[in-house]
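See structure below.
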Amino acid sequence: MSFAPDTVEIIARARADLRMGVPVVLVGNGAGALILAAETLDAQRLADLRALGGQPVLAITSRRAETLKARAYDGDLARVVLPSDVSMAWLRGVADPADDLKSPMKGPLQTLRDGAADLHRVAIALTKSARLLPAALVLPLTDPYVFAGENALTAVNTVLAAPLLTASPHPHPVVSARLPVEASEAGRLHIFRPEDGGEEHYAFEIGSPPRDKPVLARLHSACFTGDVMGSLKCDCGPQLRGALAQMGTEGAGVLLYLNQEGRGIGLANKMRAYSLQDQGFDTVEANHRLGFEDDERDFKLGASILKSMGFHQIRLLTNNPRKIAMMEKNGIDVVERVPLKVGETHHNRGYLATKAAKSGHLL
Ligand SMILES: Nc1nc2c(ncn2[C@@H]2O[C@H](COP(=O)(O)OP(=O)(O)OP(=O)(O)O)[C@@H](O)[C@H]2O)c(=O)[nH]1
Ligand SMILES: [Zn+2]
């Protein structure tokens, strides 16, 4: 018997540490490193890190490297060499695109070509899963477990952690209760909790849809700005209410509310993307400049929730062909696509056009 946390639990701790600005130790394939998220780094910890000696690098994604015109020799990421007089402002400038236009980085940035990048890859995946900017300071350590023990730091075995960071965590049903809403008095809200300690997701069931027939379904990704604030920049609020209304009219349906705000980058990063959109970049370019892919969502999660509720065939309310493909790939039969076109405004016309042109959305 052991009370020690397993790898999934250690990853959850590491995520919380990075969000708080606490360093984490990574160990794998005979190498070790101390990592810190660029976003939550403070001057004291930077000074402490430099006092350790050695050659730290700033790991960024190839998307961010492209904007900074830095060579990404590691394919999906780049290891940027720190200048000898590295400052907080320099690190922030590389990690955060907010001031790219106002004060462009004085380049060229030097990036490493030799050596392994496995630990750096895990460091970036951890910052993404912590919903921070995808950039991490990485300092090689010779005795990582000793260093972690002496400083009471979380130590992550990257060989075990890497596959878990890209896997879809299984969501377990927690509780459900009756919830009459405007769209239907016959509503029931189900709560699902992923086993990786991540955010909970919800399923709102209307009526009593039979499990052996296709159910009218919507996979809705959280959009605080659109769903709650009534933002005119996207169509999420009207889509949410339109889907519920249609389910209410038909007397049956299931709406998954997946807490993957901002297409999986988190609300803070989405607001960074909105700032970039105010500088003239579109929704896809803004994600790339921040270092993210256009869409970082895990659609397998939705399929897992539907299956655990007993649904295997759906009539999917969507304009996004990727959702259909991902459902089919993960064991849900999409027998029909039901278009959901509501809420176009002069503010979101460009956003919807970009999604059609660059992300394959159906008009
Ligand atoms: N990163 C980013 N996310 C955005 C932006 N505008 C909206 N979102 C997010 O995009 C997601 C929209 O999700 P969905 O409602 O599932 O929409 P969809 O993928 O366009 O597909 P359908 O609506 O089904 O056609 C939500 O998570 C929003 O928070 C943006 O400009 N940038
Ligand atoms: Zn939205």
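Residue names in the structure tokens use chain letters A, B, ... in the order shown, residue numbers from 1 in each chain, and ligand numbers from 1 in the order shown.
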Review point. Ligand 2: which residues are within 12 Å, counting only C-alpha atoms and all ligand atoms, as a PyMOL selection string?
Key: chain A and resi 220-240+260-263+267+270-271+274+283+343-344+348+351-352
Could you save those same residues with C-alpha atoms as a PDB file, in the first residue's frame?
```pdb
ATOM      1  CA  HIS A 220     -21.171  23.758 -26.327  1.00  0.00           C
ATOM      2  CA  SER A 221     -17.788  25.081 -25.240  1.00  0.00           C
ATOM      3  CA  ALA A 222     -17.817  27.586 -22.405  1.00  0.00           C
ATOM      4  CA  CYS A 223     -17.803  31.206 -23.451  1.00  0.00           C
ATOM      5  CA  PHE A 224     -18.145  33.440 -20.401  1.00  0.00           C
ATOM      6  CA  THR A 225     -18.174  36.548 -22.589  1.00  0.00           C
ATOM      7  CA  GLY A 226     -20.883  35.301 -24.938  1.00  0.00           C
ATOM      8  CA  ASP A 227     -22.950  32.987 -22.709  1.00  0.00           C
ATOM      9  CA  VAL A 228     -23.058  35.234 -19.629  1.00  0.00           C
ATOM     10  CA  MET A 229     -22.120  38.772 -20.669  1.00  0.00           C
ATOM     11  CA  GLY A 230     -23.984  38.807 -23.989  1.00  0.00           C
ATOM     12  CA  SER A 231     -20.854  39.596 -26.002  1.00  0.00           C
ATOM     13  CA  LEU A 232     -21.470  40.651 -29.590  1.00  0.00           C
ATOM     14  CA  LYS A 233     -18.005  39.466 -30.680  1.00  0.00           C
ATOM     15  CA  CYS A 234     -19.109  35.844 -31.127  1.00  0.00           C
ATOM     16  CA  ASP A 235     -22.322  33.857 -31.603  1.00  0.00           C
ATOM     17  CA  CYS A 236     -22.055  31.632 -28.503  1.00  0.00           C
ATOM     18  CA  GLY A 237     -24.851  33.136 -26.395  1.00  0.00           C
ATOM     19  CA  PRO A 238     -27.515  32.939 -29.145  1.00  0.00           C
ATOM     20  CA  GLN A 239     -26.262  29.428 -30.066  1.00  0.00           C
ATOM     21  CA  LEU A 240     -26.586  28.261 -26.466  1.00  0.00           C
ATOM     22  CA  GLN A 260     -13.038  24.589 -22.415  1.00  0.00           C
ATOM     23  CA  GLU A 261     -13.221  28.366 -22.464  1.00  0.00           C
ATOM     24  CA  GLY A 262     -11.655  30.136 -25.432  1.00  0.00           C
ATOM     25  CA  ARG A 263     -11.361  26.939 -27.512  1.00  0.00           C
ATOM     26  CA  LEU A 267     -10.413  32.994 -20.329  1.00  0.00           C
ATOM     27  CA  LYS A 270      -8.810  34.444 -24.680  1.00  0.00           C
ATOM     28  CA  MET A 271      -8.769  38.038 -23.415  1.00  0.00           C
ATOM     29  CA  TYR A 274      -9.129  39.717 -27.909  1.00  0.00           C
ATOM     30  CA  THR A 283      -9.222  35.005 -34.227  1.00  0.00           C
ATOM     31  CA  GLY A 343     -26.811  35.645 -33.589  1.00  0.00           C
ATOM     32  CA  GLU A 344     -24.858  37.197 -36.457  1.00  0.00           C
ATOM     33  CA  ASN A 348     -19.006  39.122 -35.167  1.00  0.00           C
ATOM     34  CA  TYR A 351     -15.109  36.365 -36.734  1.00  0.00           C
ATOM     35  CA  LEU A 352     -17.669  34.053 -38.367  1.00  0.00           C
TER      36      LEU A 352
END
```
**Study point:** Every residue of range 198-291 of chain A that DSSP places in alpha helix (DSSP H), as a PyMOL selection string
**Key:** chain A and resi 236-250+261-264+267-278+283-290
Review point. Contacts of Pro214 in chain A at 9 Å or less, counting only C-alpha atoms, minus same-chain residues fewer than 5 places along, as a ChimeraX atom specification?
Key: /A:209,311-315,333-336
Check your understanding: Got a sec: who's within 7 Å of Val156 in chain A, counting only C-alpha atoms, leaving out chain neighbours fewer than 6 positions off, as number ranges by chain?
Key -> A: 10-11, 25-27
Could you take the residues named above and write them with N, CA and C atoms, as a short mmCIF file (atom, residue, chain, number, x, y, z; two decimals), in the first residue's frame?
```cif
data_model
loop_
_atom_site.label_atom_id
_atom_site.label_comp_id
_atom_site.auth_asym_id
_atom_site.auth_seq_id
_atom_site.Cartn_x
_atom_site.Cartn_y
_atom_site.Cartn_z
N ILE A 10 0.31 13.86 -9.46
CA ILE A 10 1.50 14.72 -9.46
C ILE A 10 1.37 15.81 -10.53
N ILE A 11 0.80 15.45 -11.68
CA ILE A 11 0.60 16.45 -12.74
C ILE A 11 -0.35 17.55 -12.24
N VAL A 25 10.10 20.36 -10.77
CA VAL A 25 11.26 19.61 -11.28
C VAL A 25 10.75 18.54 -12.25
N LEU A 26 11.41 18.44 -13.41
CA LEU A 26 11.07 17.40 -14.39
C LEU A 26 12.23 16.42 -14.48
N VAL A 27 11.91 15.12 -14.55
CA VAL A 27 12.94 14.10 -14.66
C VAL A 27 12.52 13.09 -15.73
#
```
Practice item. Skip Leu112 in chain A itself and residues of its chain fewer than 3 positions away, then list as a list in words all residues within 7 Å of it, counting only C-alpha atoms. Key: Arg79, Val80 and Val81 of chain A
Same residues, C-alpha atoms, output as a tab-separated table (two decimals), in the first residue's frame:
```tsv
chain	number	residue	atom	x	y	z
A	79	ARG	CA	14.49	26.60	-27.00
A	80	VAL	CA	15.43	30.28	-26.84
A	81	VAL	CA	18.83	31.11	-25.35
```
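The space between atom 30 (C, counted along the ligand's line) of ligand 1 and CA of His361 in chain A spans 14.2 Å.
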Exercise for review: Could you tell me which of A:Leu133, A:Ala273, A:Ala37, A:Ala95 comes closest to Asn287 in chain A if we count only C-alpha atoms?
Suggested key: A:Ala273
Taking 6 positions as the minimum chain separation for residues in the same chain, which residues sit within 9 Å of Ile191 in chain A when counting only C-alpha atoms? Answer as a tab-separated table (two decimals) with C-alpha atoms, in the first residue's frame.
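Contents of the output file out.tsv:
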```
chain	number	residue	atom	x	y	z
A	172	HIS	CA	-16.96	10.52	-13.90
A	173	PRO	CA	-20.60	11.33	-13.16
A	174	VAL	CA	-20.85	13.05	-9.75
A	175	VAL	CA	-24.47	14.04	-9.27
A	176	SER	CA	-27.55	15.14	-11.19
A	200	GLU	CA	-15.82	19.85	-14.22
A	201	HIS	CA	-18.14	19.65	-17.23
A	202	TYR	CA	-21.91	19.61	-17.38
A	203	ALA	CA	-24.63	17.85	-19.34
A	204	PHE	CA	-28.10	19.38	-19.47
```
